[in-house]
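What's in work04.cif: mmCIF, C-alpha atoms, pLDDT in the B column; chains and numbers go by the auth columns
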```cif
data_start
loop_
_atom_site.group_PDB
_atom_site.id
_atom_site.type_symbol
_atom_site.label_atom_id
_atom_site.label_comp_id
_atom_site.label_asym_id
_atom_site.label_seq_id
_atom_site.Cartn_x
_atom_site.Cartn_y
_atom_site.Cartn_z
_atom_site.B_iso_or_equiv
_atom_site.auth_seq_id
_atom_site.auth_asym_id
ATOM 1 C CA MET A 1 32.414 -6.575 20.986 45.00 34 A
ATOM 2 C CA HIS A 2 28.864 -7.850 20.675 50.00 35 A
ATOM 3 C CA LYS A 3 28.764 -11.635 21.035 53.00 36 A
ATOM 4 C CA TYR A 4 26.184 -12.004 18.238 52.00 37 A
ATOM 5 C CA LYS A 5 27.678 -11.991 14.736 55.00 38 A
ATOM 6 C CA TYR A 6 24.545 -11.521 12.652 59.00 39 A
ATOM 7 C CA ILE A 7 21.844 -8.928 12.125 66.00 40 A
ATOM 8 C CA ASP A 8 18.393 -10.270 12.931 75.00 41 A
ATOM 9 C CA ARG A 9 16.423 -11.358 9.891 83.00 42 A
ATOM 10 C CA GLU A 10 13.743 -8.657 10.244 87.00 43 A
ATOM 11 C CA LYS A 11 16.233 -5.774 9.973 87.00 44 A
ATOM 12 C CA SER A 12 18.093 -7.683 7.277 88.00 45 A
ATOM 13 C CA TRP A 13 14.864 -7.996 5.300 92.00 46 A
ATOM 14 C CA LEU A 14 14.200 -4.259 5.661 93.00 47 A
ATOM 15 C CA THR A 15 17.724 -3.618 4.366 93.00 48 A
ATOM 16 C CA PHE A 16 16.886 -5.727 1.308 92.00 49 A
ATOM 17 C CA ASN A 17 13.727 -3.698 0.732 94.00 50 A
ATOM 18 C CA ALA A 18 15.791 -0.520 1.002 95.00 51 A
ATOM 19 C CA ARG A 19 17.784 -1.854 -1.953 95.00 52 A
ATOM 20 C CA VAL A 20 14.536 -2.011 -3.953 95.00 53 A
ATOM 21 C CA LEU A 21 13.965 1.611 -2.992 95.00 54 A
ATOM 22 C CA GLN A 22 17.425 2.485 -4.291 96.00 55 A
ATOM 23 C CA GLU A 23 16.408 1.145 -7.698 96.00 56 A
ATOM 24 C CA ALA A 24 13.412 3.483 -7.647 95.00 57 A
ATOM 25 C CA ALA A 25 15.737 6.396 -6.868 96.00 58 A
ATOM 26 C CA ASP A 26 18.229 5.510 -9.621 96.00 59 A
ATOM 27 C CA GLU A 27 18.102 8.187 -12.331 94.00 60 A
ATOM 28 C CA SER A 28 19.488 5.732 -14.897 95.00 61 A
ATOM 29 C CA VAL A 29 16.426 3.471 -14.554 95.00 62 A
ATOM 30 C CA PRO A 30 13.504 4.247 -16.935 93.00 63 A
ATOM 31 C CA LEU A 31 10.756 6.303 -15.273 91.00 64 A
ATOM 32 C CA LEU A 32 7.976 3.724 -15.444 88.00 65 A
ATOM 33 C CA ASP A 33 10.333 1.043 -14.112 93.00 66 A
ATOM 34 C CA ARG A 34 11.200 3.333 -11.209 94.00 67 A
ATOM 35 C CA LEU A 35 7.482 3.619 -10.489 90.00 68 A
ATOM 36 C CA ARG A 36 7.199 -0.169 -10.570 90.00 69 A
ATOM 37 C CA PHE A 37 10.057 -0.481 -8.072 94.00 70 A
ATOM 38 C CA LEU A 38 8.130 1.811 -5.722 93.00 71 A
ATOM 39 C CA GLY A 39 5.154 -0.515 -6.069 89.00 72 A
ATOM 40 C CA ILE A 40 7.334 -3.542 -5.317 92.00 73 A
ATOM 41 C CA PHE A 41 8.748 -1.755 -2.255 94.00 74 A
ATOM 42 C CA SER A 42 5.238 -1.006 -0.988 90.00 75 A
ATOM 43 C CA ASN A 43 3.937 -4.551 -1.605 86.00 76 A
ATOM 44 C CA ASN A 44 6.978 -6.033 0.122 91.00 77 A
ATOM 45 C CA LEU A 45 6.358 -3.826 3.139 92.00 78 A
ATOM 46 C CA ASP A 46 2.700 -4.900 3.286 86.00 79 A
ATOM 47 C CA GLU A 47 3.756 -8.546 3.386 86.00 80 A
ATOM 48 C CA PHE A 48 6.438 -7.805 5.991 90.00 81 A
ATOM 49 C CA PHE A 49 3.873 -6.310 8.377 89.00 82 A
ATOM 50 C CA ARG A 50 1.339 -9.075 7.740 83.00 83 A
ATOM 51 C CA VAL A 51 3.820 -11.845 8.480 85.00 84 A
ATOM 52 C CA ARG A 52 7.060 -10.870 10.217 87.00 85 A
ATOM 53 C CA PHE A 53 6.021 -7.787 12.190 88.00 86 A
ATOM 54 C CA ALA A 54 2.811 -9.534 13.280 86.00 87 A
ATOM 55 C CA ALA A 55 4.779 -12.551 14.559 85.00 88 A
ATOM 56 C CA ILE A 56 7.156 -10.385 16.613 85.00 89 A
ATOM 57 C CA ARG A 57 4.240 -8.380 17.995 87.00 90 A
ATOM 58 C CA ARG A 58 2.450 -11.561 19.082 86.00 91 A
ATOM 59 C CA LEU A 59 5.571 -12.618 20.982 82.00 92 A
ATOM 60 C CA SER A 60 5.784 -9.199 22.612 83.00 93 A
ATOM 61 C CA LEU A 61 2.116 -9.194 23.642 82.00 94 A
ATOM 62 C CA SER A 62 2.520 -12.656 25.165 82.00 95 A
ATOM 63 C CA GLY A 63 5.301 -11.337 27.404 78.00 96 A
ATOM 64 C CA ILE A 64 8.089 -13.296 25.728 74.00 97 A
ATOM 65 C CA SER A 65 11.335 -11.319 25.442 72.00 98 A
ATOM 66 C CA GLY A 66 12.522 -13.471 22.544 69.00 99 A
ATOM 67 C CA GLU A 67 16.193 -12.561 23.025 69.00 100 A
ATOM 68 C CA LYS A 68 17.397 -16.132 22.499 67.00 101 A
ATOM 69 C CA ILE A 69 15.601 -16.574 19.190 66.00 102 A
ATOM 70 C CA LEU A 70 16.091 -12.972 17.989 71.00 103 A
ATOM 71 C CA GLY A 71 19.860 -12.810 18.341 68.00 104 A
ATOM 72 C CA GLY A 72 20.001 -10.989 21.663 74.00 105 A
ATOM 73 C CA ILE A 73 17.452 -8.231 21.058 79.00 106 A
ATOM 74 C CA SER A 74 14.122 -8.104 22.879 82.00 107 A
ATOM 75 C CA THR A 75 10.817 -8.158 21.000 84.00 108 A
ATOM 76 C CA HIS A 76 9.947 -4.727 22.412 85.00 109 A
ATOM 77 C CA GLN A 77 13.206 -3.162 21.204 86.00 110 A
ATOM 78 C CA LEU A 78 12.987 -4.907 17.840 86.00 111 A
ATOM 79 C CA LEU A 79 9.476 -3.561 17.225 90.00 112 A
ATOM 80 C CA LYS A 80 10.706 -0.071 18.115 92.00 113 A
ATOM 81 C CA ASP A 81 13.687 -0.394 15.757 91.00 114 A
ATOM 82 C CA ILE A 82 11.485 -1.708 12.931 92.00 115 A
ATOM 83 C CA ILE A 83 9.072 1.205 13.230 94.00 116 A
ATOM 84 C CA GLU A 84 11.910 3.741 13.149 95.00 117 A
ATOM 85 C CA ILE A 85 13.424 2.126 10.040 95.00 118 A
ATOM 86 C CA VAL A 86 10.086 1.897 8.252 95.00 119 A
ATOM 87 C CA ILE A 87 9.218 5.533 8.978 96.00 120 A
ATOM 88 C CA GLN A 88 12.533 6.579 7.413 96.00 121 A
ATOM 89 C CA GLN A 89 11.983 4.335 4.401 96.00 122 A
ATOM 90 C CA GLN A 90 8.426 5.557 3.882 95.00 123 A
ATOM 91 C CA SER A 91 9.611 9.159 4.017 96.00 124 A
ATOM 92 C CA GLU A 92 12.234 8.349 1.389 96.00 125 A
ATOM 93 C CA SER A 93 9.685 6.577 -0.820 96.00 126 A
ATOM 94 C CA LEU A 94 7.429 9.659 -0.782 95.00 127 A
ATOM 95 C CA ARG A 95 10.382 11.856 -1.707 96.00 128 A
ATOM 96 C CA ILE A 96 11.231 9.576 -4.623 96.00 129 A
ATOM 97 C CA LEU A 97 7.599 9.445 -5.743 94.00 130 A
ATOM 98 C CA SER A 98 7.447 13.246 -5.814 94.00 131 A
ATOM 99 C CA ILE A 99 10.539 13.345 -8.027 95.00 132 A
ATOM 100 C CA ILE A 100 9.161 10.665 -10.346 93.00 133 A
ATOM 101 C CA GLU A 101 5.800 12.439 -10.669 91.00 134 A
ATOM 102 C CA THR A 102 7.582 15.651 -11.652 93.00 135 A
ATOM 103 C CA ARG A 103 9.623 13.792 -14.269 93.00 136 A
ATOM 104 C CA LEU A 104 6.511 12.029 -15.587 89.00 137 A
ATOM 105 C CA LYS A 105 4.738 15.360 -16.050 88.00 138 A
ATOM 106 C CA SER A 106 7.568 16.503 -18.308 90.00 139 A
ATOM 107 C CA GLU A 107 6.716 13.458 -20.466 86.00 140 A
ATOM 108 C CA ASN A 108 2.979 14.314 -20.470 82.00 141 A
ATOM 109 C CA ILE A 109 2.166 11.449 -18.106 81.00 142 A
ATOM 110 C CA PHE A 110 0.063 12.398 -15.098 79.00 143 A
ATOM 111 C CA ILE A 111 -1.018 10.489 -12.005 78.00 144 A
ATOM 112 C CA ILE A 112 -4.465 11.927 -11.367 78.00 145 A
ATOM 113 C CA HIS A 113 -7.253 11.727 -8.815 77.00 146 A
ATOM 114 C CA GLU A 114 -11.022 11.688 -9.071 78.00 147 A
ATOM 115 C CA ASN A 115 -11.370 15.485 -8.788 84.00 148 A
ATOM 116 C CA GLU A 116 -9.086 15.999 -11.799 82.00 149 A
ATOM 117 C CA ILE A 117 -10.953 13.984 -14.417 82.00 150 A
ATOM 118 C CA SER A 118 -13.038 15.364 -17.277 82.00 151 A
ATOM 119 C CA GLU A 119 -16.746 14.591 -17.795 85.00 152 A
ATOM 120 C CA GLU A 120 -15.876 12.155 -20.580 84.00 153 A
ATOM 121 C CA GLN A 121 -13.404 10.363 -18.353 83.00 154 A
ATOM 122 C CA GLU A 122 -15.982 10.220 -15.558 86.00 155 A
ATOM 123 C CA VAL A 123 -18.398 8.408 -17.872 87.00 156 A
ATOM 124 C CA PHE A 124 -15.676 5.925 -18.794 85.00 157 A
ATOM 125 C CA LEU A 125 -14.693 5.362 -15.158 86.00 158 A
ATOM 126 C CA LYS A 126 -18.278 4.785 -14.019 90.00 159 A
ATOM 127 C CA ASP A 127 -18.687 2.155 -16.720 90.00 160 A
ATOM 128 C CA PHE A 128 -15.331 0.632 -15.783 85.00 161 A
ATOM 129 C CA PHE A 129 -16.409 0.451 -12.136 87.00 162 A
ATOM 130 C CA ILE A 130 -19.737 -1.207 -12.979 92.00 163 A
ATOM 131 C CA GLN A 131 -18.230 -3.718 -15.395 90.00 164 A
ATOM 132 C CA ARG A 132 -14.873 -4.542 -13.769 85.00 165 A
ATOM 133 C CA VAL A 133 -14.725 -3.403 -10.146 86.00 166 A
ATOM 134 C CA SER A 134 -18.191 -3.753 -8.624 89.00 167 A
ATOM 135 C CA PRO A 135 -18.510 -7.526 -9.282 89.00 168 A
ATOM 136 C CA GLU A 136 -15.304 -8.070 -7.283 87.00 169 A
ATOM 137 C CA LEU A 137 -16.483 -6.210 -4.159 90.00 170 A
ATOM 138 C CA VAL A 138 -18.086 -7.731 -1.080 88.00 171 A
ATOM 139 C CA THR A 139 -19.865 -5.489 1.455 89.00 172 A
ATOM 140 C CA ILE A 140 -19.939 -6.663 5.073 89.00 173 A
ATOM 141 C CA ILE A 141 -22.347 -4.809 7.408 89.00 174 A
ATOM 142 C CA LEU A 142 -20.673 -4.977 10.809 89.00 175 A
ATOM 143 C CA ASN A 143 -23.755 -4.029 12.824 86.00 176 A
ATOM 144 C CA ASP A 144 -25.406 -7.300 11.776 80.00 177 A
ATOM 145 C CA LEU A 145 -22.581 -9.501 13.077 84.00 178 A
ATOM 146 C CA ALA A 146 -22.219 -10.918 16.575 82.00 179 A
ATOM 147 C CA GLU A 147 -18.421 -10.992 16.223 85.00 180 A
ATOM 148 C CA PHE A 148 -15.933 -9.031 14.147 84.00 181 A
ATOM 149 C CA PRO A 149 -15.054 -11.050 11.027 82.00 182 A
ATOM 150 C CA ILE A 150 -11.655 -12.633 10.513 82.00 183 A
ATOM 151 C CA LEU A 151 -9.698 -10.565 7.980 80.00 184 A
ATOM 152 C CA LYS A 152 -7.881 -12.357 5.153 78.00 185 A
ATOM 153 C CA ASP A 153 -4.243 -11.591 4.353 71.00 186 A
ATOM 154 C CA SER A 154 -4.752 -11.672 0.580 72.00 187 A
ATOM 155 C CA ILE A 155 -7.692 -9.260 0.655 79.00 188 A
ATOM 156 C CA GLY A 156 -7.874 -5.468 1.009 81.00 189 A
ATOM 157 C CA TYR A 157 -10.508 -3.699 3.095 85.00 190 A
ATOM 158 C CA LEU A 158 -12.129 -0.285 3.280 87.00 191 A
ATOM 159 C CA ALA A 159 -13.845 0.796 6.503 90.00 192 A
ATOM 160 C CA VAL A 160 -17.070 2.722 5.871 91.00 193 A
ATOM 161 C CA LYS A 161 -19.352 4.740 8.143 90.00 194 A
ATOM 162 C CA LEU A 162 -22.926 4.887 6.836 87.00 195 A
ATOM 163 C CA VAL A 163 -25.372 7.562 7.994 86.00 196 A
ATOM 164 C CA MET A 164 -28.914 6.526 7.087 80.00 197 A
ATOM 165 C CA LYS A 165 -30.948 9.572 6.024 78.00 198 A
ATOM 166 C CA LYS A 166 -34.433 8.404 6.969 74.00 199 A
ATOM 167 C CA LYS A 167 -33.720 7.045 10.438 72.00 200 A
ATOM 168 C CA SER A 168 -30.550 9.025 11.227 75.00 201 A
ATOM 169 C CA GLU A 169 -29.075 5.661 12.046 82.00 202 A
ATOM 170 C CA ILE A 170 -25.315 5.100 11.897 88.00 203 A
ATOM 171 C CA ARG A 171 -24.076 1.803 10.532 87.00 204 A
ATOM 172 C CA TYR A 172 -20.566 0.501 9.936 91.00 205 A
ATOM 173 C CA ALA A 173 -19.386 -1.670 7.100 91.00 206 A
ATOM 174 C CA MET A 174 -16.293 -3.077 5.444 91.00 207 A
ATOM 175 C CA ILE A 175 -15.846 -3.333 1.708 91.00 208 A
ATOM 176 C CA GLU A 176 -13.756 -6.356 0.829 89.00 209 A
ATOM 177 C CA PHE A 177 -11.783 -6.234 -2.414 84.00 210 A
ATOM 178 C CA PRO A 178 -9.084 -8.459 -3.935 81.00 211 A
ATOM 179 C CA LYS A 179 -5.567 -7.052 -3.858 70.00 212 A
ATOM 180 C CA ARG A 180 -5.249 -7.332 -7.637 70.00 213 A
ATOM 181 C CA LEU A 181 -7.595 -4.362 -7.959 69.00 214 A
ATOM 182 C CA THR A 182 -4.958 -2.131 -6.356 64.00 215 A
ATOM 183 C CA ASP A 183 -1.957 -3.635 -8.126 57.00 216 A
ATOM 184 C CA SER A 184 -2.737 -2.428 -11.631 59.00 217 A
ATOM 185 C CA TRP A 185 -2.712 0.799 -13.629 65.00 218 A
ATOM 186 C CA PHE A 186 -4.762 1.854 -16.595 67.00 219 A
ATOM 187 C CA TYR A 187 -4.497 4.793 -18.898 69.00 220 A
ATOM 188 C CA LEU A 188 -6.966 7.542 -19.715 71.00 221 A
ATOM 189 C CA ARG A 189 -6.748 9.646 -22.826 64.00 222 A
ATOM 190 C CA ARG A 190 -7.245 13.301 -22.018 59.00 223 A
ATOM 191 C CA ILE A 191 -9.758 14.716 -24.471 51.00 224 A
ATOM 192 C CA LYS A 192 -9.316 18.135 -26.090 51.00 225 A
ATOM 193 C CA SER A 193 -5.893 18.709 -24.625 50.00 226 A
ATOM 194 C CA ASN A 194 -2.264 18.747 -25.677 45.00 227 A
ATOM 195 C CA MET A 195 -1.487 16.236 -22.956 48.00 228 A
ATOM 196 C CA SER A 196 -0.923 12.906 -24.631 42.00 229 A
ATOM 197 C CA SER A 197 -2.121 10.671 -21.814 45.00 230 A
ATOM 198 C CA CYS A 198 -2.599 10.442 -18.098 46.00 231 A
ATOM 199 C CA SER A 199 -2.586 7.546 -15.697 45.00 232 A
ATOM 200 C CA MET A 200 -4.752 6.836 -12.720 45.00 233 A
ATOM 201 C CA THR A 201 -4.657 4.271 -9.915 45.00 234 A
#
```

As structure tokens, the full file:
Amino acid sequence: MHKYKYIDREKSWLTFNARVLQEAADESVPLLDRLRFLGIFSNNLDEFFRVRFAAIRRLSLSGISGEKILGGISTHQLLKDIIEIVIQQQSESLRILSIIETRLKSENIFIIHENEISEEQEVFLKDFFIQRVSPELVTIILNDLAEFPILKDSIGYLAVKLVMKKKSEIRYAMIEFPKRLTDSWFYLRRIKSNMSSCSMT
């Protein structure tokens, strides 16, 4: 018998998040609520990697086994176990999302991408970007910095490669955006169609 009675808190936390995923898979839960549970699962996982996974990885990189404080498991083995669990959970979340998207389509609700929008919707989205999104963005040109900037936990980032036409120069940048821009949905009315509405992230 193993002398340690408890599961380490990292695996325990992942088990809790798996319970959130079960709610998303539950056919008795309303469709849009199931979609929200998927979002909660994803946000929880982001926070887990920012805080808990990062702390274990720092211990591992420093050469500390951590067995005494981790309930008998080494940092290296724990990181390996976490990755295996998360890969399985992510695979399950994609399976559930596929099922939900199919069900949503039967209700005339569509999750769409930029290559699926109409001209009228494109006009609306460009205006939405100018009025609501663009003021929230911060562009950081990396070539101009002596050191790589410190990234903030509460902020999202896009890495961009810029090819300058005139000088054939390549520059690198990061676009900084607040997380709230990725945590919301809005609805587009499809014009001249029998589809009642569609949604886009």

What is the distance between CA of Ile89 (chain A) and CA of Gln123 (chain A), in Å to one decimal?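 Distance between the two atoms: 20.4 Å.
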
So what do you get for CA of Lys200 (chain A) versus CA of Asn176 (chain A), distance-wise?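 If I compute the distance from CA of Lys200 (chain A) to CA of Asn176 (chain A), I get 15.1 Å.
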
Per residue of region 104-219 of chain A within 8 Å of region 61-75 of chain A, record the nearest atom pair and its distance in Å to one decimal, counting only C-alpha atoms, with rows in chain order and ascending residue number, as a Markdown table.
```
| residue | atom | partner | partner_atom | distance |
| --- | --- | --- | --- | --- |
| A:Ser126 | CA | A:Leu71 | CA | 7.0 |
| A:Leu130 | CA | A:Leu68 | CA | 7.5 |
| A:Ile133 | CA | A:Leu64 | CA | 6.8 |
| A:Arg136 | CA | A:Leu64 | CA | 7.6 |
| A:Leu137 | CA | A:Leu64 | CA | 7.1 |
```

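Of the listed residues (A:Ala51, A:Leu112, A:Ile106, A:Leu78), A:Leu112 comes nearest to Arg91 (chain A); the distances count all atoms listed in the file.
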
What does the structure give for the distance between CA of Asp186 (chain A) and CA of His109 (chain A), in Å to one decimal?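 Between CA of Asp186 (chain A) and CA of His109 (chain A) the gap is 24.0 Å.
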
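Closest to Ile132 (chain A) among A:Ala58, A:Ile208, A:Asn148, A:Ile163 is A:Ala58, based on all atoms listed in the file.
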
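Of the listed residues (A:Lys44, A:Pro211, A:Pro168, A:Ile183), A:Lys44 comes nearest to Gln110 (chain A); the distances count all atoms listed in the file.
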
Which residues, written as a ChimeraX atom specification, have at least one atom at most 12 Å from Val156 (chain A), with only C-alpha atoms counted and residues fewer than 6 positions away on the same chain left out? /A:147,150,162-163,221

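Checking A:Arg213, A:Ser167, A:Val119, A:Ser93 one by one against Ser107 (chain A), counting only C-alpha atoms, you find the shortest gap at A:Ser93.
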
I'd like the neighbourhood of Trp46 (chain A) as number ranges by chain, where a residue qualifies if any of its atoms comes within 10 Å (using all atoms listed in the file), though same-chain residues fewer than 5 positions away should be ignored. A: 40-41, 51-52, 77-78, 81, 85

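Residue nearest Lys113 (chain A), chosen from A:Ile97, A:Asn141, A:Phe86, A:Lys198 and counting only C-alpha atoms: A:Phe86.
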
Once you count only C-alpha atoms, which residues end up no further than 12 Å from (-14.4, -3.6, -6.7) in the file's frame, shown as a PDB file with C-alpha atoms, in the coordinates of the input?
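Below is the file that was written, out.pdb:
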```
ATOM      1  CA  LYS A 159     -18.278   4.785 -14.019  1.00 90.00           C
ATOM      2  CA  PHE A 161     -15.331   0.632 -15.783  1.00 85.00           C
ATOM      3  CA  PHE A 162     -16.409   0.451 -12.136  1.00 87.00           C
ATOM      4  CA  ILE A 163     -19.737  -1.207 -12.979  1.00 92.00           C
ATOM      5  CA  GLN A 164     -18.230  -3.718 -15.395  1.00 90.00           C
ATOM      6  CA  ARG A 165     -14.873  -4.542 -13.769  1.00 85.00           C
ATOM      7  CA  VAL A 166     -14.725  -3.403 -10.146  1.00 86.00           C
ATOM      8  CA  SER A 167     -18.191  -3.753  -8.624  1.00 89.00           C
ATOM      9  CA  PRO A 168     -18.510  -7.526  -9.282  1.00 89.00           C
ATOM     10  CA  GLU A 169     -15.304  -8.070  -7.283  1.00 87.00           C
ATOM     11  CA  LEU A 170     -16.483  -6.210  -4.159  1.00 90.00           C
ATOM     12  CA  VAL A 171     -18.086  -7.731  -1.080  1.00 88.00           C
ATOM     13  CA  THR A 172     -19.865  -5.489   1.455  1.00 89.00           C
ATOM     14  CA  ILE A 188      -7.692  -9.260   0.655  1.00 79.00           C
ATOM     15  CA  GLY A 189      -7.874  -5.468   1.009  1.00 81.00           C
ATOM     16  CA  TYR A 190     -10.508  -3.699   3.095  1.00 85.00           C
ATOM     17  CA  LEU A 191     -12.129  -0.285   3.280  1.00 87.00           C
ATOM     18  CA  ILE A 208     -15.846  -3.333   1.708  1.00 91.00           C
ATOM     19  CA  GLU A 209     -13.756  -6.356   0.829  1.00 89.00           C
ATOM     20  CA  PHE A 210     -11.783  -6.234  -2.414  1.00 84.00           C
ATOM     21  CA  PRO A 211      -9.084  -8.459  -3.935  1.00 81.00           C
ATOM     22  CA  LYS A 212      -5.567  -7.052  -3.858  1.00 70.00           C
ATOM     23  CA  ARG A 213      -5.249  -7.332  -7.637  1.00 70.00           C
ATOM     24  CA  LEU A 214      -7.595  -4.362  -7.959  1.00 69.00           C
ATOM     25  CA  THR A 215      -4.958  -2.131  -6.356  1.00 64.00           C
TER      26      THR A 215
END
```

Considering all atoms listed in the file, state which residue in the set A:Thr48, A:Thr108, A:Gln154, A:Arg204 is at the smallest distance from Gln121 (chain A).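 Under the stated criterion, the closest residue is A:Thr48.
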